[in-house]
$ cat input01.txt   # compact mmCIF, C-alpha atoms
# COMPACT_ATOMS: atom_id res chain seq x y z
CA MET A 1 -208.07 95.23 -83.79
CA ALA A 2 -204.49 96.43 -84.12
CA HIS A 3 -201.69 93.84 -84.31
CA VAL A 4 -200.12 95.20 -81.09
CA ALA A 5 -201.43 97.02 -78.01
CA VAL A 6 -202.09 100.71 -78.71
CA VAL A 7 -203.73 103.47 -76.69
CA GLU A 8 -207.42 102.51 -76.55
CA GLY A 9 -209.87 104.44 -78.73
CA ARG A 10 -207.23 106.54 -80.51
CA PRO A 11 -207.37 106.33 -84.32
CA GLY A 12 -204.62 105.59 -86.84
CA ILE A 13 -201.10 106.64 -85.94
CA VAL A 14 -202.27 108.51 -82.80
CA GLY A 15 -202.51 105.38 -80.62
CA LEU A 16 -199.02 104.34 -81.78
CA LEU A 17 -197.41 107.73 -81.18
CA GLU A 18 -198.86 107.83 -77.66
CA GLY A 19 -198.27 104.13 -76.91
CA TYR A 20 -194.63 104.21 -78.04
CA PRO A 21 -193.58 107.74 -77.04
CA GLU A 22 -189.80 107.24 -77.45
CA THR A 23 -190.38 107.03 -81.21
CA GLY A 24 -193.68 108.97 -81.17
CA THR A 25 -191.99 112.21 -80.20
CA LEU A 26 -189.43 111.84 -82.99
CA LEU A 27 -192.06 110.96 -85.60
CA ASN A 28 -194.14 114.00 -84.61
CA GLY A 29 -191.07 116.22 -84.77
CA LEU A 30 -190.23 114.95 -88.24
CA ALA A 31 -193.81 115.58 -89.44
CA GLN A 32 -193.62 119.13 -88.07
CA ALA A 33 -190.30 119.79 -89.84
CA LEU A 34 -191.55 118.34 -93.13
CA LEU A 35 -195.09 119.72 -93.20
CA ARG A 36 -194.91 123.09 -91.43
CA ARG A 37 -191.73 124.61 -92.82
CA THR A 38 -192.64 127.75 -94.75
CA ASP A 39 -189.75 128.41 -97.10
CA GLY A 40 -190.13 126.97 -100.59
CA LEU A 41 -193.23 124.79 -100.41
CA SER A 42 -196.14 126.16 -98.36
CA PRO A 43 -197.68 124.05 -95.57
CA ALA A 44 -200.76 123.54 -97.82
CA GLU A 45 -198.55 122.22 -100.66
CA ARG A 46 -196.73 119.96 -98.20
CA GLU A 47 -200.02 118.51 -96.91
CA LEU A 48 -201.14 117.94 -100.53
CA ILE A 49 -198.00 115.91 -101.23
CA ALA A 50 -198.54 113.92 -98.01
CA ALA A 51 -202.20 113.22 -98.84
CA TYR A 52 -201.35 112.28 -102.44
CA VAL A 53 -198.63 109.78 -101.49
CA SER A 54 -200.89 108.33 -98.77
CA SER A 55 -203.62 107.83 -101.39
CA LEU A 56 -201.16 106.02 -103.68
CA ASN A 57 -200.27 103.78 -100.72
CA ARG A 58 -204.02 103.28 -100.08
CA CYS A 59 -203.65 104.34 -96.44
CA VAL A 60 -207.16 105.48 -95.50
CA PHE A 61 -206.29 107.13 -92.18
CA CYS A 62 -203.34 109.16 -93.52
CA THR A 63 -205.05 110.11 -96.79
CA SER A 64 -208.19 111.32 -95.01
CA SER A 65 -206.30 113.18 -92.27
CA HIS A 66 -203.83 115.01 -94.52
CA ALA A 67 -206.49 115.71 -97.16
CA ALA A 68 -208.52 117.35 -94.39
CA ALA A 69 -205.49 119.35 -93.21
CA ALA A 70 -204.85 120.47 -96.81
CA ARG A 71 -208.52 121.53 -97.18
CA HIS A 72 -208.29 123.65 -94.05
CA LEU A 73 -205.00 125.27 -95.12
CA LEU A 74 -205.91 125.72 -98.79
CA GLY A 75 -209.63 126.47 -98.53
CA ASP A 76 -210.18 124.52 -101.76
CA ALA A 77 -211.92 121.18 -101.29
CA ALA A 78 -212.23 120.45 -105.04
CA THR A 79 -208.47 120.48 -105.62
CA VAL A 80 -207.83 118.16 -102.69
CA GLN A 81 -210.58 115.80 -103.84
CA ALA A 82 -209.22 115.74 -107.41
CA LEU A 83 -205.76 114.89 -106.12
CA VAL A 84 -206.51 112.08 -103.68
CA CYS A 85 -209.28 110.51 -105.78
CA ASP A 86 -207.27 110.82 -109.01
CA GLY A 87 -210.22 112.33 -110.83
CA GLY A 88 -211.68 115.66 -111.89
CA ASP A 89 -209.76 118.74 -112.85
CA LEU A 90 -206.64 119.19 -110.73
CA GLN A 91 -206.13 122.96 -110.38
CA VAL A 92 -202.54 123.31 -109.17
CA SER A 93 -199.56 125.27 -110.49
CA PRO A 94 -197.34 123.62 -113.15
CA ARG A 95 -194.53 123.68 -110.53
CA LEU A 96 -196.58 121.73 -107.96
CA ARG A 97 -197.83 119.37 -110.68
CA ALA A 98 -194.21 118.52 -111.59
CA LEU A 99 -193.32 118.03 -107.91
CA LEU A 100 -196.33 115.73 -107.41
CA ALA A 101 -195.06 113.65 -110.36
CA ILE A 102 -191.73 113.28 -108.52
CA ALA A 103 -193.60 112.29 -105.34
CA ALA A 104 -195.44 109.56 -107.30
CA ARG A 105 -192.09 108.19 -108.53
CA VAL A 106 -190.75 108.14 -104.97
CA GLN A 107 -193.82 106.20 -103.85
CA GLN A 108 -192.97 103.51 -106.42
CA GLY A 109 -189.34 103.43 -105.29
CA GLY A 110 -186.35 105.73 -104.91
CA ARG A 111 -184.71 104.46 -108.08
CA GLU A 112 -187.78 105.41 -110.13
CA VAL A 113 -186.99 109.16 -109.96
CA GLY A 114 -185.32 110.10 -113.25
CA GLU A 115 -183.21 113.05 -114.41
CA ASP A 116 -186.13 114.01 -116.68
CA ASP A 117 -188.54 114.21 -113.71
CA VAL A 118 -186.18 116.59 -111.93
CA ARG A 119 -185.50 118.60 -115.10
CA ALA A 120 -189.27 119.04 -115.65
CA ALA A 121 -189.69 120.40 -112.10
CA ARG A 122 -186.74 122.80 -112.50
CA ALA A 123 -188.22 124.04 -115.80
CA GLU A 124 -191.31 125.10 -113.81
CA GLY A 125 -189.17 126.98 -111.30
CA ALA A 126 -188.73 124.34 -108.56
CA THR A 127 -185.66 124.92 -106.38
CA ASP A 128 -183.23 122.41 -104.84
CA ARG A 129 -184.98 122.91 -101.49
CA GLU A 130 -188.41 122.19 -103.00
CA ILE A 131 -187.20 119.08 -104.86
CA HIS A 132 -185.42 117.87 -101.70
CA ASP A 133 -188.46 118.45 -99.51
CA THR A 134 -190.82 116.79 -102.01
CA VAL A 135 -188.67 113.64 -102.12
CA LEU A 136 -188.32 113.51 -98.32
CA ILE A 137 -192.04 114.16 -97.65
CA ALA A 138 -192.98 111.42 -100.15
CA ALA A 139 -190.40 109.05 -98.65
CA ALA A 140 -191.57 109.83 -95.10
CA PHE A 141 -195.18 109.04 -95.97
CA CYS A 142 -194.05 105.69 -97.34
CA MET A 143 -192.93 105.18 -93.72
CA TYR A 144 -195.93 106.65 -91.88
CA ASN A 145 -198.42 104.81 -94.14
CA ARG A 146 -196.66 101.48 -93.57
CA TYR A 147 -196.49 102.08 -89.80
CA VAL A 148 -200.25 102.79 -89.64
CA ASP A 149 -201.39 99.92 -91.87
CA GLY A 150 -198.61 97.44 -91.05
CA LEU A 151 -199.89 97.38 -87.46
CA ALA A 152 -203.57 97.37 -88.56
CA THR A 153 -204.60 100.45 -86.58
CA TRP A 154 -208.19 101.66 -86.55
CA ALA A 155 -209.31 104.15 -89.24
CA PRO A 156 -212.62 105.92 -88.42
CA ASP A 157 -215.37 105.80 -91.06
CA ASP A 158 -216.94 109.15 -90.17
CA PRO A 159 -215.77 112.06 -92.40
CA ALA A 160 -216.45 114.43 -89.48
CA ALA A 161 -213.70 112.73 -87.47
CA TYR A 162 -211.15 113.56 -90.18
CA ASP A 163 -212.42 117.09 -90.54
CA GLU A 164 -211.76 117.60 -86.84
CA ILE A 165 -208.26 116.08 -87.17
CA GLY A 166 -207.54 118.26 -90.21
CA ALA A 167 -208.70 121.43 -88.46
CA HIS A 168 -206.47 120.61 -85.49
CA LEU A 169 -203.43 119.87 -87.70
CA ALA A 170 -203.99 123.07 -89.71
CA ALA A 171 -204.16 125.18 -86.54
CA HIS A 172 -201.62 123.47 -84.29
CA GLY A 173 -199.34 121.29 -86.42
CA TYR A 174 -197.66 118.17 -85.07
CA VAL A 175 -196.03 119.15 -81.80
CA GLY A 176 -197.07 120.13 -78.30
CA MET B 1 -174.36 113.45 -109.59
CA ALA B 2 -177.12 113.90 -107.03
CA HIS B 3 -180.39 115.58 -108.10
CA VAL B 4 -179.83 118.42 -105.58
CA ALA B 5 -176.78 120.04 -103.97
CA VAL B 6 -175.36 117.89 -101.17
CA VAL B 7 -172.20 118.14 -99.07
CA GLU B 8 -169.37 117.41 -101.52
CA GLY B 9 -167.65 114.03 -101.32
CA ARG B 10 -169.97 112.58 -98.67
CA PRO B 11 -171.60 109.27 -99.67
CA GLY B 12 -175.26 108.20 -99.60
CA ILE B 13 -177.45 109.76 -96.95
CA VAL B 14 -174.50 111.46 -95.22
CA GLY B 15 -174.34 114.41 -97.64
CA LEU B 16 -178.11 114.90 -97.24
CA LEU B 17 -178.10 114.73 -93.44
CA GLU B 18 -175.30 117.30 -93.31
CA GLY B 19 -176.65 119.48 -96.12
CA TYR B 20 -180.18 119.64 -94.68
CA PRO B 21 -179.47 119.59 -90.94
CA GLU B 22 -182.98 120.62 -89.79
CA THR B 23 -184.23 117.23 -90.96
CA GLY B 24 -180.82 115.51 -90.71
CA THR B 25 -180.75 115.74 -86.93
CA LEU B 26 -184.25 114.26 -86.67
CA LEU B 27 -183.48 111.44 -89.11
CA ASN B 28 -180.32 110.55 -87.17
CA GLY B 29 -182.25 110.60 -83.90
CA LEU B 30 -184.89 108.28 -85.31
CA ALA B 31 -182.22 105.85 -86.58
CA GLN B 32 -180.62 105.85 -83.12
CA ALA B 33 -183.97 105.13 -81.42
CA LEU B 34 -184.84 102.36 -83.89
CA LEU B 35 -181.46 100.66 -84.26
CA ARG B 36 -179.72 101.06 -80.89
CA ARG B 37 -182.51 100.33 -78.41
CA THR B 38 -181.58 97.22 -76.44
CA ASP B 39 -184.84 95.85 -75.04
CA GLY B 40 -186.52 93.19 -77.16
CA LEU B 41 -184.55 93.14 -80.40
CA SER B 42 -180.77 93.50 -80.09
CA PRO B 43 -178.92 96.19 -82.06
CA ALA B 44 -177.51 93.42 -84.31
CA GLU B 45 -181.03 92.12 -85.05
CA ARG B 46 -182.22 95.67 -85.75
CA GLU B 47 -179.36 96.24 -88.22
CA LEU B 48 -180.19 92.92 -89.92
CA ILE B 49 -183.80 94.05 -90.45
CA ALA B 50 -182.57 97.41 -91.80
CA ALA B 51 -180.10 95.75 -94.18
CA TYR B 52 -182.70 93.20 -95.35
CA VAL B 53 -185.37 95.81 -96.15
CA SER B 54 -182.75 97.98 -97.88
CA SER B 55 -181.77 94.99 -100.04
CA LEU B 56 -185.43 94.41 -100.97
CA ASN B 57 -185.59 98.11 -101.97
CA ARG B 58 -182.33 97.64 -103.94
CA CYS B 59 -180.69 100.56 -102.14
CA VAL B 60 -176.97 99.84 -102.51
CA PHE B 61 -175.71 102.45 -100.03
CA CYS B 62 -178.11 101.50 -97.21
CA THR B 63 -177.81 97.74 -97.78
CA SER B 64 -174.01 97.85 -97.75
CA SER B 65 -173.78 100.20 -94.75
CA HIS B 66 -176.25 98.37 -92.51
CA ALA B 67 -174.96 94.94 -93.56
CA ALA B 68 -171.51 96.12 -92.49
CA ALA B 69 -172.88 97.43 -89.17
CA ALA B 70 -174.64 94.07 -88.61
CA ARG B 71 -171.39 92.19 -89.37
CA HIS B 72 -169.50 94.24 -86.81
CA LEU B 73 -172.20 93.80 -84.14
CA LEU B 74 -172.92 90.12 -84.87
CA GLY B 75 -169.46 88.86 -85.80
CA ASP B 76 -171.05 86.56 -88.39
CA ALA B 77 -170.46 87.62 -91.99
CA ALA B 78 -172.08 84.49 -93.49
CA THR B 79 -175.49 85.18 -91.91
CA VAL B 80 -175.49 88.79 -93.10
CA GLN B 81 -174.44 87.74 -96.60
CA ALA B 82 -177.18 85.06 -96.76
CA LEU B 83 -179.79 87.62 -95.71
CA VAL B 84 -178.99 90.51 -98.04
CA CYS B 85 -178.09 88.33 -101.05
CA ASP B 86 -181.09 86.04 -100.52
CA GLY B 87 -178.92 82.97 -100.85
CA GLY B 88 -177.14 80.35 -98.79
CA ASP B 89 -178.16 79.04 -95.41
CA LEU B 90 -179.70 81.75 -93.24
CA GLN B 91 -178.76 80.88 -89.64
CA VAL B 92 -181.10 82.97 -87.52
CA SER B 93 -183.54 82.10 -84.74
CA PRO B 94 -187.11 81.07 -85.72
CA ARG B 95 -188.28 84.24 -83.92
CA LEU B 96 -186.07 86.53 -86.03
CA ARG B 97 -186.99 84.59 -89.18
CA ALA B 98 -190.69 85.26 -88.51
CA LEU B 99 -189.98 88.94 -87.82
CA LEU B 100 -187.98 89.23 -91.07
CA ALA B 101 -191.02 87.82 -92.90
CA ILE B 102 -193.12 90.64 -91.39
CA ALA B 103 -190.46 93.16 -92.48
CA ALA B 104 -190.67 91.83 -96.05
CA ARG B 105 -194.46 92.32 -96.02
CA VAL B 106 -194.05 95.88 -94.78
CA GLN B 107 -191.59 96.58 -97.63
CA GLN B 108 -194.31 95.56 -100.10
CA GLY B 109 -196.89 97.76 -98.35
CA GLY B 110 -198.47 98.23 -94.93
CA ARG B 111 -201.65 96.45 -95.95
CA GLU B 112 -199.68 93.31 -96.85
CA VAL B 113 -199.05 92.37 -93.21
CA GLY B 114 -201.60 89.69 -92.28
CA GLU B 115 -202.92 88.29 -89.01
CA ASP B 116 -201.16 85.04 -89.89
CA ASP B 117 -197.77 86.76 -90.19
CA VAL B 118 -198.20 88.25 -86.72
CA ARG B 119 -199.51 84.97 -85.29
CA ALA B 120 -196.46 83.12 -86.66
CA ALA B 121 -194.10 85.61 -84.96
CA ARG B 122 -195.97 85.35 -81.65
CA ALA B 123 -195.79 81.53 -81.85
CA GLU B 124 -191.99 81.90 -81.89
CA GLY B 125 -192.06 84.12 -78.81
CA ALA B 126 -192.07 87.60 -80.39
CA THR B 127 -193.49 90.30 -78.11
CA ASP B 128 -195.66 93.33 -78.94
CA ARG B 129 -192.56 95.52 -78.61
CA GLU B 130 -190.59 93.35 -81.05
CA ILE B 131 -193.42 93.24 -83.60
CA HIS B 132 -193.90 97.01 -83.27
CA ASP B 133 -190.20 97.73 -83.66
CA THR B 134 -189.87 95.38 -86.65
CA VAL B 135 -192.73 97.10 -88.48
CA LEU B 136 -191.39 100.58 -87.70
CA ILE B 137 -187.78 99.73 -88.65
CA ALA B 138 -188.98 98.22 -91.95
CA ALA B 139 -191.24 101.23 -92.60
CA ALA B 140 -188.45 103.68 -91.74
CA PHE B 141 -186.07 102.02 -94.19
CA CYS B 142 -188.71 102.39 -96.89
CA MET B 143 -188.20 106.11 -96.14
CA TYR B 144 -184.40 106.22 -95.82
CA ASN B 145 -183.91 104.10 -98.97
CA ARG B 146 -186.23 106.36 -101.00
CA TYR B 147 -184.49 109.49 -99.67
CA VAL B 148 -181.05 108.17 -100.66
CA ASP B 149 -182.00 106.87 -104.12
CA GLY B 150 -184.77 109.38 -104.90
CA LEU B 151 -182.13 112.13 -104.83
CA ALA B 152 -179.55 109.98 -106.65
CA THR B 153 -176.81 110.28 -104.03
CA TRP B 154 -173.40 108.72 -104.54
CA ALA B 155 -172.84 105.12 -103.40
CA PRO B 156 -169.15 104.13 -103.15
CA ASP B 157 -168.03 100.97 -104.98
CA ASP B 158 -165.24 100.05 -102.56
CA PRO B 159 -166.26 97.43 -99.93
CA ALA B 160 -163.65 98.92 -97.59
CA ALA B 161 -165.63 102.18 -97.48
CA TYR B 162 -168.67 100.32 -96.16
CA ASP B 163 -166.62 98.33 -93.69
CA GLU B 164 -165.38 101.61 -92.23
CA ILE B 165 -168.96 102.99 -92.09
CA GLY B 166 -170.19 99.77 -90.45
CA ALA B 167 -167.41 99.80 -87.85
CA HIS B 168 -168.24 103.42 -86.99
CA LEU B 169 -172.00 102.73 -86.73
CA ALA B 170 -171.38 99.64 -84.56
CA ALA B 171 -169.15 101.60 -82.19
CA HIS B 172 -170.84 105.02 -82.11
CA GLY B 173 -174.40 104.67 -83.44
CA TYR B 174 -176.21 107.50 -85.17
CA VAL B 175 -175.83 110.54 -82.95
CA GLY B 176 -173.11 112.96 -81.86

$ encode --input "input01.txt" --output "structure tokens"
Amino acid sequence: MAHVAVVEGRPGIVGLLEGYPETGTLLNGLAQALLRRTDGLSPAERELIAAYVSSLNRCVFCTSSHAAAARHLLGDAATVQALVCDGGDLQVSPRLRALLAIAARVQQGGREVGEDDVRAARAEGATDREIHDTVLIAAAFCMYNRYVDGLATWAPDDPAAYDEIGAHLAAHGYVG
Amino acid sequence: MAHVAVVEGRPGIVGLLEGYPETGTLLNGLAQALLRRTDGLSPAERELIAAYVSSLNRCVFCTSSHAAAARHLLGDAATVQALVCDGGDLQVSPRLRALLAIAARVQQGGREVGEDDVRAARAEGATDREIHDTVLIAAAFCMYNRYVDGLATWAPDDPAAYDEIGAHLAAHGYVG
């Protein structure tokens, strides 16, 4: 049972966004801006960063939901699995690999991001916009993950539930 | 120097909010909703939670700015100092003390918040709304702090700069 009243039967962050709409609308709008922008990082790359940071924070609901969204956008289940389970052969571009390394630093703490991390990403062609968006997506998921787990919301066990969430997020995003 | 281009001469998060306005507007709106709402927690209590979590994340710009805002709203510099420097006699209500303990758990990770932490806050009269807002403020500052430090923005050294920021935030909030 969640630590506070949420909308009955709604999983993870959904019951919080609906139960506390004055912040729910803003949190959805921020997710849309961070994960559906198309210049620089693609929506699939953005969802991969979100799923990866959520996995580092051990947030089951967010990891499973954003991994499912990334699968639907990318059409490559093996890459998503390798990333969030930290195993297997991660088939991503050197640029995205360097940006994921920055995201992992951000998850540990803002002060953990070093000049060398940023230099490595630039050497692979990452732009200011991509580095900025990577840091802010990673930082934002340190918020969303803590909101979801800090209030002990319900995370479904059934993989089919997440596949449905992921398909919806891939098709419709986070608003409306 | 910051890791990416920001608006020249603007400290901390300010150069990021202005340089990346499509997220800046949303991040300001979220801060306004979280820190200036008046039911349940007061704006002064909200700023204290923000300053405390920022101090735990060792984010100099956010700690100094929100501590200054709390001083201006609360009119009690000793309490703010005791909270963000983790020293001296912290003169806050048992209810706020229990909520600050929840905020400290959230800073460590969402899964660190236990039933007992929530029960202790309820025993001191904390409502669902106050527990919800405490968790979300603490989670949000785990984002803002990582955004500010993950991009290596400039934090002024001069205490007078923060006093000016705090006075502005106390009087005008985070929008417009």

$ interface_residues --input "input01.txt" --of "chain B" --to "chain A" --cutoff "6 Å" --atoms "only C-alpha atoms" --output "PyMOL selection string"
chain B and resi 4+110-111+113+128+136+139-140+142-143+146-147+149-150

$ residues_around --input "input01.txt" --residues "Val92 of chain B" --least-positions-apart "4" --cutoff "10 Å" --atoms "all atoms listed in the file" --output "list in words"
Glu45, Thr79, Val80, Leu83, Leu96, Arg97, Ala98 and Leu100 of chain B

$ closest_residue --input "input01.txt" --among "A:Pro43, A:Gly166, A:Gly173, A:Pro11" --to "His66 of chain A" --atoms "only C-alpha atoms"
A:Gly166

$ axis_aligned_box --input "input01.txt" --around "segment 1-18 of chain A" --padding-each-side "4 Å" --output "AutoDock Vina command-line options"
--center_x -203.6 --center_y 101.2 --center_z -81.7 --size_x 20.5 --size_y 22.7 --size_z 18.3

$ atom_distance --input "input01.txt" --atom1 "atom CA of Ala167 of chain B" --atom2 "atom CA of Arg36 of chain B"
14.2 Å

$ decode --input "input01.txt" --residues "segment 113-123 of chain A" --atoms "all heavy atoms" --output "mmCIF file, in the first residue's frame"
data_model
loop_
_atom_site.group_PDB
_atom_site.id
_atom_site.type_symbol
_atom_site.label_atom_id
_atom_site.label_comp_id
_atom_site.auth_asym_id
_atom_site.auth_seq_id
_atom_site.Cartn_x
_atom_site.Cartn_y
_atom_site.Cartn_z
ATOM 1 N N VAL A 113 30.181 14.361 -12.164
ATOM 2 C CA VAL A 113 30.449 14.533 -13.603
ATOM 3 C C VAL A 113 31.756 15.301 -13.772
ATOM 4 O O VAL A 113 31.891 16.418 -13.273
ATOM 5 C CB VAL A 113 29.313 15.318 -14.304
ATOM 6 C CG1 VAL A 113 29.606 15.471 -15.793
ATOM 7 C CG2 VAL A 113 27.975 14.639 -14.086
ATOM 8 N N GLY A 114 32.724 14.687 -14.457
ATOM 9 C CA GLY A 114 34.034 15.328 -14.611
ATOM 10 C C GLY A 114 34.240 15.897 -16.003
ATOM 11 O O GLY A 114 33.527 15.536 -16.946
ATOM 12 N N GLU A 115 35.216 16.795 -16.105
ATOM 13 C CA GLU A 115 35.623 17.355 -17.411
ATOM 14 C C GLU A 115 35.910 16.240 -18.410
ATOM 15 O O GLU A 115 35.595 16.348 -19.595
ATOM 16 C CB GLU A 115 36.910 18.186 -17.253
ATOM 17 C CG GLU A 115 36.772 19.494 -16.518
ATOM 18 C CD GLU A 115 36.150 20.583 -17.383
ATOM 19 O OE1 GLU A 115 35.920 20.336 -18.590
ATOM 20 O OE2 GLU A 115 35.858 21.661 -16.842
ATOM 21 N N ASP A 116 36.541 15.162 -17.919
ATOM 22 C CA ASP A 116 36.934 14.063 -18.812
ATOM 23 C C ASP A 116 35.701 13.339 -19.366
ATOM 24 O O ASP A 116 35.703 12.905 -20.519
ATOM 25 C CB ASP A 116 37.882 13.088 -18.092
ATOM 26 C CG ASP A 116 37.345 12.686 -16.726
ATOM 27 O OD1 ASP A 116 36.511 13.433 -16.147
ATOM 28 O OD2 ASP A 116 37.739 11.616 -16.220
ATOM 29 N N ASP A 117 34.643 13.220 -18.551
ATOM 30 C CA ASP A 117 33.406 12.595 -19.045
ATOM 31 C C ASP A 117 32.829 13.412 -20.203
ATOM 32 O O ASP A 117 32.371 12.864 -21.202
ATOM 33 C CB ASP A 117 32.348 12.518 -17.926
ATOM 34 C CG ASP A 117 32.826 11.690 -16.748
ATOM 35 O OD1 ASP A 117 33.299 10.568 -16.970
ATOM 36 O OD2 ASP A 117 32.721 12.179 -15.602
ATOM 37 N N VAL A 118 32.829 14.724 -20.025
ATOM 38 C CA VAL A 118 32.258 15.614 -21.037
ATOM 39 C C VAL A 118 33.147 15.624 -22.282
ATOM 40 O O VAL A 118 32.660 15.580 -23.414
ATOM 41 C CB VAL A 118 32.086 17.039 -20.459
ATOM 42 C CG1 VAL A 118 31.583 18.001 -21.525
ATOM 43 C CG2 VAL A 118 31.130 17.006 -19.271
ATOM 44 N N ARG A 119 34.459 15.633 -22.082
ATOM 45 C CA ARG A 119 35.407 15.625 -23.198
ATOM 46 C C ARG A 119 35.224 14.349 -24.033
ATOM 47 O O ARG A 119 35.241 14.378 -25.260
ATOM 48 C CB ARG A 119 36.839 15.726 -22.663
ATOM 49 C CG ARG A 119 37.840 16.206 -23.702
ATOM 50 C CD ARG A 119 39.244 16.409 -23.107
ATOM 51 N NE ARG A 119 39.236 17.313 -21.969
ATOM 52 C CZ ARG A 119 39.638 16.998 -20.726
ATOM 53 N NH1 ARG A 119 40.086 15.790 -20.455
ATOM 54 N NH2 ARG A 119 39.586 17.896 -19.758
ATOM 55 N N ALA A 120 35.033 13.213 -23.342
ATOM 56 C CA ALA A 120 34.856 11.925 -24.043
ATOM 57 C C ALA A 120 33.596 11.953 -24.915
ATOM 58 O O ALA A 120 33.595 11.443 -26.036
ATOM 59 C CB ALA A 120 34.782 10.784 -23.030
ATOM 60 N N ALA A 121 32.519 12.567 -24.400
ATOM 61 C CA ALA A 121 31.282 12.651 -25.179
ATOM 62 C C ALA A 121 31.463 13.576 -26.389
ATOM 63 O O ALA A 121 31.022 13.264 -27.494
ATOM 64 C CB ALA A 121 30.133 13.141 -24.290
ATOM 65 N N ARG A 122 32.145 14.701 -26.183
ATOM 66 C CA ARG A 122 32.398 15.632 -27.303
ATOM 67 C C ARG A 122 33.253 14.960 -28.381
ATOM 68 O O ARG A 122 33.048 15.187 -29.577
ATOM 69 C CB ARG A 122 33.120 16.883 -26.815
ATOM 70 C CG ARG A 122 32.236 17.822 -26.060
ATOM 71 C CD ARG A 122 32.836 19.231 -26.012
ATOM 72 N NE ARG A 122 32.199 19.986 -24.954
ATOM 73 C CZ ARG A 122 30.988 20.522 -25.046
ATOM 74 N NH1 ARG A 122 30.282 20.378 -26.144
ATOM 75 N NH2 ARG A 122 30.473 21.193 -24.038
ATOM 76 N N ALA A 123 34.211 14.144 -27.945
ATOM 77 C CA ALA A 123 35.091 13.457 -28.914
ATOM 78 C C ALA A 123 34.292 12.511 -29.819
ATOM 79 O O ALA A 123 34.709 12.213 -30.935
ATOM 80 C CB ALA A 123 36.188 12.691 -28.171
#
